Amino acid sequence: MTAKHCMMRLHTGARKILREGFFAYFTTGNPRSFPHITTMFYIWDEESCTFYVITSESTKKVKNIQQNPNVALTIDERDPLSPAGNCGVLVRGKARVIPIEEMGDILMNKYWAKYLNVLGQGFPMGSRLAIEITPRVIHYWSGIHFFKWVDHRHA
Amino acid sequence: MPLRKDELEDRWLYEQIVERVPPFKWLPPTFDVMTQLLLVEAGGILAFLYFRLPNEAIFLGTLAILYTVVWSAGCLYVIPFLRKLRDPTNEEERRVLTKYKHDLLEDKMLELIGSIACYIAITSYLLYDQELLHRFLGQGYGNLILYGLLLILSWDIAYRLWLSFFTAFSSARRSISLARAARKRRGLKYTAYSEVQTLKSLDMINLYWAASAVLLVPIAISTEILLYSIVAFFLSIVILSFVSLLAMETIPWFPPDVEDILLRERFAYVAAYNKSTLHTTPVIFVYDGKYIYFAISVKSAKYRLIKKNNRIAVLVDMRDAKNAMNNRSILMRGKGLVLGQVSPFGLIRLFLYGLWMLRVRSLFWKKYPMYMRYYKEEADSIPLAWQDKPFVSRVLVRLQVEKATYWREALPTFLRV
């Protein structure tokens with residue numbers, strides 16, 4: 001199964017970053033314009049090896065995904081003192097805009113558990129949508145070392 | 001269609017003539033200059049033939065007419081841009097530009113008084129130097145019709161000389177005031193950098209006007225006073241333009257809130273894409289007050305993608321993991337210009353931007369001394385792609401921003417660029 005394959009093959013360092021990362025840099029691209037990056041909160045569903053971000057319907061990223069489902073998600077740890085200390089994960093894959101209910105209670109609870117302190121209890125979720133990202137390629141770097149995982153079904 | 005009163009108020013006298021007097025008003029602007037040249041030159045040739053003027057007169061007269069026409073072409077090209085300048089969002093900078101436009105376009109007294117003073121100086125000299133007049137008019141010397149034509153031509157030249165000088169002077173004064181006002185910016189108040197660039201381009205027309213005065217040198221060369229006057233005119237415009245350019249160079253292209261992020265933050269996220277491949281990775285970067293620069297490896301996916309599609313996005317953000325409302329970021333989207341690659345284009349760019357590249361390199365050393373030291377000290381143990389070897393393994397990318405969005409408290413503000 002792809003998800004298991006992903007979990008097994010993914011470098012432990014990459015798994016650590018994906019589990020512990022707080023911000024993700026989510027990139028969408030419209031073929032007729034420039035790429036679009038935003039800083040997002042995210043959760044990683046290790047079971048299915050998919051990622052979720054939550055956004056509003058009217059955002060540029062939703063419009064871009066409707067035209068081009070290819071996206072990128074970058075989660076990294078920065079070391080301001082030495083490039084050898086930088087590490088990160090770049091996920092490239094396909095995105096799907098779904099109603100937030102489709103995420104299911106487990107994932108929503110996971111999202112709230114991770115970001116409740118930042119968003120606060122009263123954060124409105126009613127009008128929001130979820131973006132589900134299914135990885136095709138995952139890159140991981142740690143200093144000068146690079147690793148790559150590819151979902152060969154789509155490669 | 002006749003112009004409204006308010007439209008006439010911000011037009012130079014020359015423009016009003018072109019827009020209201022036949023046959024110019026019947027013609028599109030591009031034909032006005034050519035018609036002016038043909039009409040005045042035809043008048044000159046007729047006078048030359050009828051009054052049997054010396055051959056020198058037709059040559060020098062043609063040069064004087066050419067000067068007025070070359071100047072007019074610049075005027076008709078540049079003034080519409082000046083009128084379309086958008087107001088800065090910073091109040092003090094807006095005041096400076098409003099005054100600049102008022103002085104140049106609306107204050108007819110400045111336009112007239114200066115032109116008349118210049119005209120009086122030229123005609124006085126012609127009256128004083130009868131020998132020059134005699135040489136120029138030959139058998140026509142003393143003819144009132146010819147004197148009339150000469151006075152008209154003198155006015156045309158005086159008017160243009162004055163406006164060239166006055167425009168250069170106003171530009172220098174405006175640039176110095178604008179640079180001062182820019183230092184007092186707050187928050188997101190600024191002058192959009194496309195406007196700064198337009199002003200710089202308009203200033204270049206001052207040099208064009210100065211250079212066009214070379215056409216008057218053969219007329220002035222026989223008399224020291226006229227020659228020195230032309231040289232002084234030329235030098236004063238060059239110096240004023242240089243001062244203006246230097247002052248404009250000190251104006252930052254982004255408002256203080258954005259500059260704060262660009263100067264303080266140490267990492268940027270660069271996105272490049274081509275067809276189905278999207279790629280976003282962190283980079284170290286520097287900001288020189290105008291452009292964002294980052295260095296990438298020639299072995300990297302970014303480099304391959306940017307070479308195929310130079311439309312990129314760069315995000316710089318200030319994170320606060322405790323309060324999402326404190327997060328601030330600037331997303332800049334535009335074209336990436338690769339500098340330092342070994343190719344015919346790369347060599348041309350090296351010639352054009354070589355000094356800038358050295359400056360950018362020193363900015364990297366200043367902002368990231370630990371990183372740069374690491375690249376230097378570990379050169380033998382890190383892969384070639386990581387080694388700090390310009391042209392061999394690393395190239396610089398300069399972002400020319402076309403769209404910018406600033407986020408504060410999760411609210412986007414679209415910045416004019």
# chains A, B, ... in the order shown; residues from 1 in each chain; ligands from 1
call {"tool": "residues_around", "arguments": {"residues": "Ser300 in chain B", "least_positions_apart": "3", "cutoff": "12 Å", "atoms": "only C-alpha atoms", "output": "NGL selection string"}}
result
(:A and (146)) or (:B and (272 or 279-281 or 283 or 295-297 or 303-307 or 384-386 or 393-395))
call {"tool": "write_last_selection", "arguments": {"atoms": "N, CA and C atoms", "output": "mmCIF file, in the first residue's frame"}}
result
data_model
loop_
_atom_site.group_PDB
_atom_site.id
_atom_site.type_symbol
_atom_site.label_atom_id
_atom_site.label_comp_id
_atom_site.auth_asym_id
_atom_site.auth_seq_id
_atom_site.Cartn_x
_atom_site.Cartn_y
_atom_site.Cartn_z
ATOM 1 N N PHE A 146 20.645 14.672 0.870
ATOM 2 C CA PHE A 146 19.328 14.754 0.222
ATOM 3 C C PHE A 146 18.732 13.356 0.039
ATOM 4 N N ALA B 272 9.294 28.072 -7.616
ATOM 5 C CA ALA B 272 9.443 28.118 -9.069
ATOM 6 C C ALA B 272 8.605 26.973 -9.623
ATOM 7 N N HIS B 279 7.967 23.830 -6.976
ATOM 8 C CA HIS B 279 9.134 23.605 -6.135
ATOM 9 C C HIS B 279 9.291 24.786 -5.188
ATOM 10 N N THR B 280 9.313 24.522 -3.887
ATOM 11 C CA THR B 280 9.491 25.605 -2.917
ATOM 12 C C THR B 280 10.539 25.195 -1.890
ATOM 13 N N THR B 281 11.555 26.007 -1.758
ATOM 14 C CA THR B 281 12.592 25.709 -0.767
ATOM 15 C C THR B 281 13.081 27.003 -0.105
ATOM 16 N N VAL B 283 15.751 29.747 1.213
ATOM 17 C CA VAL B 283 17.066 30.246 0.754
ATOM 18 C C VAL B 283 17.483 31.384 1.687
ATOM 19 N N ALA B 295 21.110 33.275 -3.742
ATOM 20 C CA ALA B 295 22.080 32.486 -4.509
ATOM 21 C C ALA B 295 21.575 31.048 -4.584
ATOM 22 N N ILE B 296 21.704 30.436 -5.751
ATOM 23 C CA ILE B 296 21.297 29.043 -5.884
ATOM 24 C C ILE B 296 22.383 28.254 -6.609
ATOM 25 N N SER B 297 22.311 26.948 -6.437
ATOM 26 C CA SER B 297 23.297 26.086 -7.077
ATOM 27 C C SER B 297 22.880 25.820 -8.526
ATOM 28 N N TYR B 303 17.196 26.106 -10.159
ATOM 29 C CA TYR B 303 17.917 26.710 -11.284
ATOM 30 C C TYR B 303 17.332 26.215 -12.612
ATOM 31 N N ARG B 304 17.099 24.888 -12.670
ATOM 32 C CA ARG B 304 16.546 24.321 -13.914
ATOM 33 C C ARG B 304 15.171 24.920 -14.202
ATOM 34 N N LEU B 305 14.354 25.036 -13.146
ATOM 35 C CA LEU B 305 13.004 25.558 -13.336
ATOM 36 C C LEU B 305 13.010 27.036 -13.723
ATOM 37 N N ILE B 306 13.858 27.818 -13.040
ATOM 38 C CA ILE B 306 13.885 29.268 -13.320
ATOM 39 C C ILE B 306 14.387 29.527 -14.738
ATOM 40 N N LYS B 307 15.300 28.665 -15.195
ATOM 41 C CA LYS B 307 15.794 28.847 -16.564
ATOM 42 C C LYS B 307 14.671 28.614 -17.582
ATOM 43 N N LEU B 384 30.288 20.061 -4.637
ATOM 44 C CA LEU B 384 30.538 21.221 -5.499
ATOM 45 C C LEU B 384 29.315 22.140 -5.544
ATOM 46 N N ALA B 385 28.123 21.522 -5.569
ATOM 47 C CA ALA B 385 26.889 22.313 -5.661
ATOM 48 C C ALA B 385 26.751 23.292 -4.497
ATOM 49 N N TRP B 386 27.352 22.969 -3.379
ATOM 50 C CA TRP B 386 27.258 23.828 -2.193
ATOM 51 C C TRP B 386 28.386 24.834 -2.101
ATOM 52 N N SER B 393 29.664 26.991 -9.509
ATOM 53 C CA SER B 393 28.629 26.212 -8.834
ATOM 54 C C SER B 393 27.438 27.052 -8.382
ATOM 55 N N ARG B 394 27.620 28.357 -8.242
ATOM 56 C CA ARG B 394 26.528 29.186 -7.733
ATOM 57 C C ARG B 394 26.207 30.332 -8.690
ATOM 58 N N VAL B 395 24.942 30.664 -8.768
ATOM 59 C CA VAL B 395 24.528 31.865 -9.520
ATOM 60 C C VAL B 395 23.635 32.703 -8.612
#
call {"tool": "interface_residues", "arguments": {"of": "chain B", "to": "chain A", "cutoff": "10 Å", "atoms": "only C-alpha atoms", "output": "ChimeraX atom specification"}}
result
/B:266-267,269-284,309-317,319-325,327-335,368-375,382-383,385-386,402-403,407
call {"tool": "residues_around", "arguments": {"residues": "Leu132 in chain B", "least_positions_apart": "3", "cutoff": "12 Å", "atoms": "only C-alpha atoms", "output": "list in words"}}
result
Glu56, Ala57, Leu60, Tyr125, Leu126, Leu127, Tyr128, Asp129, Arg135, Phe136, Leu137, Gly138, Tyr141, Ile219, Ala220, Ile221, Ser222, Thr223, Glu224 and Leu226 of chain B
call {"tool": "write_last_selection", "arguments": {"atoms": "N, CA and C atoms", "output": "PDB file, in the first residue's frame"}}
result
ATOM      1  N   GLU B  56      25.817  79.209 -45.655  1.00  0.00           N
ATOM      2  CA  GLU B  56      25.991  78.923 -44.222  1.00  0.00           C
ATOM      3  C   GLU B  56      24.666  79.099 -43.462  1.00  0.00           C
ATOM      4  N   ALA B  57      23.857  80.050 -43.954  1.00  0.00           N
ATOM      5  CA  ALA B  57      22.602  80.358 -43.254  1.00  0.00           C
ATOM      6  C   ALA B  57      21.646  79.180 -43.309  1.00  0.00           C
ATOM      7  N   LEU B  60      23.065  76.420 -40.855  1.00  0.00           N
ATOM      8  CA  LEU B  60      22.905  76.751 -39.432  1.00  0.00           C
ATOM      9  C   LEU B  60      21.424  76.859 -39.049  1.00  0.00           C
ATOM     10  N   TYR B 125      22.118  89.544 -27.355  1.00  0.00           N
ATOM     11  CA  TYR B 125      23.428  89.199 -27.895  1.00  0.00           C
ATOM     12  C   TYR B 125      23.450  89.414 -29.419  1.00  0.00           C
ATOM     13  N   LEU B 126      22.328  89.033 -30.072  1.00  0.00           N
ATOM     14  CA  LEU B 126      22.265  89.197 -31.532  1.00  0.00           C
ATOM     15  C   LEU B 126      22.367  90.680 -31.923  1.00  0.00           C
ATOM     16  N   LEU B 127      21.734  91.525 -31.084  1.00  0.00           N
ATOM     17  CA  LEU B 127      21.817  92.960 -31.346  1.00  0.00           C
ATOM     18  C   LEU B 127      23.241  93.465 -31.117  1.00  0.00           C
ATOM     19  N   TYR B 128      23.880  92.896 -30.106  1.00  0.00           N
ATOM     20  CA  TYR B 128      25.238  93.323 -29.750  1.00  0.00           C
ATOM     21  C   TYR B 128      26.246  92.852 -30.808  1.00  0.00           C
ATOM     22  N   ASP B 129      26.085  91.608 -31.250  1.00  0.00           N
ATOM     23  CA  ASP B 129      27.063  91.051 -32.191  1.00  0.00           C
ATOM     24  C   ASP B 129      26.540  91.178 -33.628  1.00  0.00           C
ATOM     25  N   ARG B 135      26.947  88.057 -40.989  1.00  0.00           N
ATOM     26  CA  ARG B 135      27.470  86.824 -41.597  1.00  0.00           C
ATOM     27  C   ARG B 135      26.328  85.844 -41.879  1.00  0.00           C
ATOM     28  N   PHE B 136      25.387  85.823 -40.972  1.00  0.00           N
ATOM     29  CA  PHE B 136      24.284  84.868 -41.053  1.00  0.00           C
ATOM     30  C   PHE B 136      23.268  85.286 -42.132  1.00  0.00           C
ATOM     31  N   LEU B 137      22.989  86.580 -42.225  1.00  0.00           N
ATOM     32  CA  LEU B 137      21.937  87.029 -43.141  1.00  0.00           C
ATOM     33  C   LEU B 137      22.466  87.465 -44.511  1.00  0.00           C
ATOM     34  N   GLY B 138      23.746  87.785 -44.608  1.00  0.00           N
ATOM     35  CA  GLY B 138      24.321  88.166 -45.900  1.00  0.00           C
ATOM     36  C   GLY B 138      23.596  89.366 -46.494  1.00  0.00           C
ATOM     37  N   TYR B 141      20.695  91.189 -44.639  1.00  0.00           N
ATOM     38  CA  TYR B 141      20.969  91.961 -43.430  1.00  0.00           C
ATOM     39  C   TYR B 141      20.182  93.266 -43.458  1.00  0.00           C
ATOM     40  N   ILE B 219      26.433  76.733 -34.545  1.00  0.00           N
ATOM     41  CA  ILE B 219      25.973  78.132 -34.601  1.00  0.00           C
ATOM     42  C   ILE B 219      26.803  78.978 -33.639  1.00  0.00           C
ATOM     43  N   ALA B 220      27.113  78.383 -32.465  1.00  0.00           N
ATOM     44  CA  ALA B 220      27.757  79.151 -31.401  1.00  0.00           C
ATOM     45  C   ALA B 220      29.278  79.153 -31.496  1.00  0.00           C
ATOM     46  N   ILE B 221      29.816  78.281 -32.316  1.00  0.00           N
ATOM     47  CA  ILE B 221      31.261  78.024 -32.252  1.00  0.00           C
ATOM     48  C   ILE B 221      32.113  79.246 -32.613  1.00  0.00           C
ATOM     49  N   SER B 222      31.530  80.160 -33.416  1.00  0.00           N
ATOM     50  CA  SER B 222      32.335  81.307 -33.860  1.00  0.00           C
ATOM     51  C   SER B 222      32.444  82.394 -32.790  1.00  0.00           C
ATOM     52  N   THR B 223      31.613  82.313 -31.766  1.00  0.00           N
ATOM     53  CA  THR B 223      31.682  83.342 -30.723  1.00  0.00           C
ATOM     54  C   THR B 223      31.822  82.689 -29.355  1.00  0.00           C
ATOM     55  N   GLU B 224      32.759  83.208 -28.591  1.00  0.00           N
ATOM     56  CA  GLU B 224      33.077  82.579 -27.300  1.00  0.00           C
ATOM     57  C   GLU B 224      31.891  82.591 -26.349  1.00  0.00           C
ATOM     58  N   LEU B 226      28.610  82.667 -26.826  1.00  0.00           N
ATOM     59  CA  LEU B 226      27.573  81.681 -27.141  1.00  0.00           C
ATOM     60  C   LEU B 226      28.064  80.266 -26.866  1.00  0.00           C
TER      61      LEU B 226
END
call {"tool": "atom_distance", "arguments": {"atom1": "CA of Ile292 in chain B", "atom2": "CA of Ala14 in chain A"}}
result
29.5 Å
call {"tool": "select_by_dssp", "arguments": {"residues": "range 23-134 of chain A", "states": "strand (DSSP E or B)", "output": "PyMOL selection string"}}
result
chain A and resi 23-29+35-45+50-56+70-77+87-99+128-134
call {"tool": "write_last_selection", "arguments": {"atoms": "C-alpha atoms", "output": "CSV table (one decimal), in the first residue's frame"}}
result
chain,number,residue,atom,x,y,z
A,23,PHE,CA,4.2,26.1,9.8
A,24,ALA,CA,4.1,24.9,6.3
A,25,TYR,CA,4.7,26.8,3.1
A,26,PHE,CA,2.0,25.9,0.7
A,27,THR,CA,2.5,26.7,-3.0
A,28,THR,CA,0.0,26.6,-5.8
A,29,GLY,CA,0.6,27.6,-9.4
A,35,PRO,CA,3.4,30.8,-8.2
A,36,HIS,CA,1.6,31.6,-5.0
A,37,ILE,CA,3.1,30.8,-1.5
A,38,THR,CA,1.4,31.2,1.8
A,39,THR,CA,2.3,30.2,5.3
A,40,MET,CA,-0.2,27.7,6.6
A,41,PHE,CA,-1.1,25.5,9.6
A,42,TYR,CA,-1.2,21.8,8.5
A,43,ILE,CA,-1.7,18.3,9.8
A,44,TRP,CA,-0.1,15.2,8.5
A,45,ASP,CA,-2.2,12.0,8.5
A,50,THR,CA,-1.8,12.8,3.2
A,51,PHE,CA,-1.6,16.4,4.4
A,52,TYR,CA,-4.4,18.8,5.1
A,53,VAL,CA,-4.5,22.6,5.3
A,54,ILE,CA,-7.6,24.7,6.1
A,55,THR,CA,-8.5,27.8,4.2
A,56,SER,CA,-11.3,30.0,2.9
A,70,ASN,CA,-0.3,20.3,-8.6
A,71,VAL,CA,1.0,21.8,-5.4
A,72,ALA,CA,4.0,21.9,-3.1
A,73,LEU,CA,4.3,22.0,0.7
A,74,THR,CA,7.5,22.8,2.4
A,75,ILE,CA,8.1,22.2,6.1
A,76,ASP,CA,11.6,23.0,7.5
A,77,GLU,CA,13.8,23.7,10.4
A,87,CYS,CA,16.7,20.5,7.3
A,88,GLY,CA,13.4,20.3,5.7
A,89,VAL,CA,10.8,18.4,3.7
A,90,LEU,CA,9.4,19.3,0.3
A,91,VAL,CA,6.2,17.5,-0.6
A,92,ARG,CA,5.0,17.7,-4.2
A,93,GLY,CA,1.7,16.3,-5.1
A,94,LYS,CA,-1.9,16.7,-6.1
A,95,ALA,CA,-4.4,18.8,-4.1
A,96,ARG,CA,-8.2,18.4,-3.8
A,97,VAL,CA,-10.5,21.0,-2.2
A,98,ILE,CA,-13.0,19.3,0.0
A,99,PRO,CA,-15.6,20.3,2.5
A,128,ARG,CA,-13.8,27.1,5.7
A,129,LEU,CA,-12.6,24.4,3.3
A,130,ALA,CA,-10.0,21.8,3.6
A,131,ILE,CA,-7.3,21.1,1.0
A,132,GLU,CA,-6.1,17.5,0.9
A,133,ILE,CA,-2.7,17.0,-0.5
A,134,THR,CA,-1.7,13.6,-1.7
call {"tool": "atom_distance", "arguments": {"atom1": "CA of Arg398 in chain B", "atom2": "CA of Tyr190 in chain B"}}
result
21.9 Å
call {"tool": "atom_distance", "arguments": {"atom1": "CA of Ala179 in chain B", "atom2": "CA of Pro252 in chain B"}}
result
8.8 Å
call {"tool": "select_by_dssp", "arguments": {"residues": "range 19-123 of chain A", "states": "helix (DSSP H, G or I)", "output": "MDAnalysis selection string"}}
result
chainID A and resid 19:20 60:67 83:85 100:119
call {"tool": "decode", "arguments": {"residues": "range 27-88 of chain B", "atoms": "C-alpha atoms", "output": "PDB file, in the first residue's frame"}}
result
ATOM      1  CA  LEU B  27      -2.882  65.437 -36.866  1.00  0.00           C
ATOM      2  CA  PRO B  28      -2.069  62.601 -34.470  1.00  0.00           C
ATOM      3  CA  PRO B  29       0.768  63.543 -32.043  1.00  0.00           C
ATOM      4  CA  THR B  30       3.318  61.369 -33.847  1.00  0.00           C
ATOM      5  CA  PHE B  31       2.913  63.445 -37.013  1.00  0.00           C
ATOM      6  CA  ASP B  32       3.035  66.808 -35.238  1.00  0.00           C
ATOM      7  CA  VAL B  33       6.807  66.875 -34.911  1.00  0.00           C
ATOM      8  CA  MET B  34       7.383  65.874 -38.525  1.00  0.00           C
ATOM      9  CA  THR B  35       4.873  68.489 -39.739  1.00  0.00           C
ATOM     10  CA  GLN B  36       6.586  71.109 -37.587  1.00  0.00           C
ATOM     11  CA  LEU B  37       9.939  70.203 -39.116  1.00  0.00           C
ATOM     12  CA  LEU B  38       8.623  70.276 -42.687  1.00  0.00           C
ATOM     13  CA  LEU B  39       6.720  73.539 -42.302  1.00  0.00           C
ATOM     14  CA  VAL B  40       9.490  75.498 -40.593  1.00  0.00           C
ATOM     15  CA  GLU B  41      12.174  74.064 -42.868  1.00  0.00           C
ATOM     16  CA  ALA B  42      10.068  74.946 -45.944  1.00  0.00           C
ATOM     17  CA  GLY B  43       9.783  78.515 -44.617  1.00  0.00           C
ATOM     18  CA  GLY B  44      13.542  78.617 -44.094  1.00  0.00           C
ATOM     19  CA  ILE B  45      14.271  77.363 -47.623  1.00  0.00           C
ATOM     20  CA  LEU B  46      11.873  79.907 -49.137  1.00  0.00           C
ATOM     21  CA  ALA B  47      13.567  82.716 -47.199  1.00  0.00           C
ATOM     22  CA  PHE B  48      16.973  81.358 -48.257  1.00  0.00           C
ATOM     23  CA  LEU B  49      15.988  81.381 -51.928  1.00  0.00           C
ATOM     24  CA  TYR B  50      14.035  84.643 -51.941  1.00  0.00           C
ATOM     25  CA  PHE B  51      16.547  86.712 -49.961  1.00  0.00           C
ATOM     26  CA  ARG B  52      19.583  84.929 -51.437  1.00  0.00           C
ATOM     27  CA  LEU B  53      21.029  84.164 -48.035  1.00  0.00           C
ATOM     28  CA  PRO B  54      24.536  82.702 -47.686  1.00  0.00           C
ATOM     29  CA  ASN B  55      24.865  78.878 -47.849  1.00  0.00           C
ATOM     30  CA  GLU B  56      25.991  78.923 -44.222  1.00  0.00           C
ATOM     31  CA  ALA B  57      22.602  80.358 -43.254  1.00  0.00           C
ATOM     32  CA  ILE B  58      20.612  77.382 -44.571  1.00  0.00           C
ATOM     33  CA  PHE B  59      22.941  74.945 -42.783  1.00  0.00           C
ATOM     34  CA  LEU B  60      22.905  76.751 -39.432  1.00  0.00           C
ATOM     35  CA  GLY B  61      19.198  77.551 -39.723  1.00  0.00           C
ATOM     36  CA  THR B  62      18.420  73.874 -40.371  1.00  0.00           C
ATOM     37  CA  LEU B  63      20.421  72.899 -37.275  1.00  0.00           C
ATOM     38  CA  ALA B  64      18.461  75.393 -35.165  1.00  0.00           C
ATOM     39  CA  ILE B  65      15.175  74.029 -36.546  1.00  0.00           C
ATOM     40  CA  LEU B  66      16.354  70.464 -35.933  1.00  0.00           C
ATOM     41  CA  TYR B  67      17.120  71.353 -32.319  1.00  0.00           C
ATOM     42  CA  THR B  68      13.578  72.604 -31.754  1.00  0.00           C
ATOM     43  CA  VAL B  69      12.117  69.511 -33.425  1.00  0.00           C
ATOM     44  CA  VAL B  70      14.294  67.021 -31.540  1.00  0.00           C
ATOM     45  CA  TRP B  71      13.359  68.748 -28.291  1.00  0.00           C
ATOM     46  CA  SER B  72       9.654  68.718 -29.224  1.00  0.00           C
ATOM     47  CA  ALA B  73       9.757  64.976 -29.927  1.00  0.00           C
ATOM     48  CA  GLY B  74      11.092  64.414 -26.399  1.00  0.00           C
ATOM     49  CA  CYS B  75       8.475  66.717 -24.934  1.00  0.00           C
ATOM     50  CA  LEU B  76       5.527  64.997 -26.599  1.00  0.00           C
ATOM     51  CA  TYR B  77       6.894  61.612 -25.538  1.00  0.00           C
ATOM     52  CA  VAL B  78       7.632  62.428 -21.929  1.00  0.00           C
ATOM     53  CA  ILE B  79       4.929  64.766 -20.693  1.00  0.00           C
ATOM     54  CA  PRO B  80       2.023  62.272 -20.858  1.00  0.00           C
ATOM     55  CA  PHE B  81       4.006  59.962 -18.509  1.00  0.00           C
ATOM     56  CA  LEU B  82       4.527  62.838 -16.103  1.00  0.00           C
ATOM     57  CA  ARG B  83       0.803  63.547 -16.020  1.00  0.00           C
ATOM     58  CA  LYS B  84      -0.075  59.895 -15.381  1.00  0.00           C
ATOM     59  CA  LEU B  85       2.177  59.575 -12.307  1.00  0.00           C
ATOM     60  CA  ARG B  86       0.171  58.047  -9.455  1.00  0.00           C
ATOM     61  CA  ASP B  87       0.237  59.738  -6.083  1.00  0.00           C
ATOM     62  CA  PRO B  88       2.385  58.179  -3.359  1.00  0.00           C
TER      63      PRO B  88
END
